[in-house]
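Trainee: Structure provided below as structure tokens; questions to follow.
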Amino acid sequence: MGFIFSKSMNENMKTQQEFMLMNSRLQLERQLTMQNEMRERQMAMQIAWSREFLKYLGTFCGIAAVSLTAGAIKKKKPAFLFPIVPLGFVLTYQYDMGYGTLIQRMKGEAENILETEKSKLQLPKGMITFESLEKVRREQSKFFIDK
């Protein structure tokens, strides 16, 4: 009689463990999906910001280029054209960020770093562990009493 009861309990426990495993896996998948959704939204906002900034910067650069060119012609000093060069670089960067392939190139470079330069990604003193956190917490806590 006890054997039948313990066999039923073991089966119950096994199904419970399988359910818990499936539930934790589902929870992890949801967390990963949520993190990816948040990452995608942040990237979309960054690209949208870049595109919006490009409009204002393009307007500024256009007005500056016309004004500086007119000033260079009027004063007969080609030095007035010099600021157009750095402004052009900034404008090109913003265009590449908003509409070009800058993000794909950055992604490729990041993947290359992850594959070939792992040592540059290491945290100082290694990964944070529970023990190291507890040690810091104990040192900072005024109420902690060791028994």
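Each chain of the structure tokens is named A, B, ... in the order shown, its residues numbered from 1; ligands are numbered from 1 in display order.
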I'd like the neighbourhood of Leu81 (chain A) as a list in words, where a residue qualifies if any of its atoms comes within 8 Å (using only C-alpha atoms), though same-chain residues fewer than 6 positions away should be ignored.
Mentor: Ala65, Leu68, Thr69 and Ala72 of chain A
Trainee: Restricting the output to N, CA, C and O atoms, write the selected residues as a tab-separated table (two decimals), in the first residue's frame.
Mentor:
chain	number	residue	atom	x	y	z
A	65	ALA	N	26.73	77.52	-45.51
A	65	ALA	CA	27.51	77.40	-46.76
A	65	ALA	C	27.23	78.59	-47.68
A	65	ALA	O	28.16	79.18	-48.25
A	68	LEU	N	28.77	81.77	-45.94
A	68	LEU	CA	30.24	81.76	-45.96
A	68	LEU	C	30.76	81.95	-47.39
A	68	LEU	O	31.78	82.63	-47.60
A	69	THR	N	30.08	81.36	-48.35
A	69	THR	CA	30.50	81.54	-49.75
A	69	THR	C	30.31	83.00	-50.17
A	69	THR	O	31.20	83.58	-50.82
A	72	ALA	N	33.03	84.99	-48.53
A	72	ALA	CA	34.33	84.76	-49.16
A	72	ALA	C	34.43	85.52	-50.47
A	72	ALA	O	35.50	86.08	-50.80
Trainee: Here is a test: counting only C-alpha atoms, which residue of A:Leu21, A:Val85, A:Met9, A:Ile103 is nearest to Ala64 (chain A)?
Mentor: A:Val85
Trainee: Return as a ChimeraX atom specification the full set of residues in chain A whose backbone-based DSSP assignment is alpha helix (DSSP H).
Mentor: /A:2-75,84-98,102-116,130-140
Trainee: Looking at A:Ile128, A:Cys61, A:Met106, A:Ile73, which one is nearest to Phe89 (chain A), with distances taken over only C-alpha atoms?
Mentor: A:Cys61
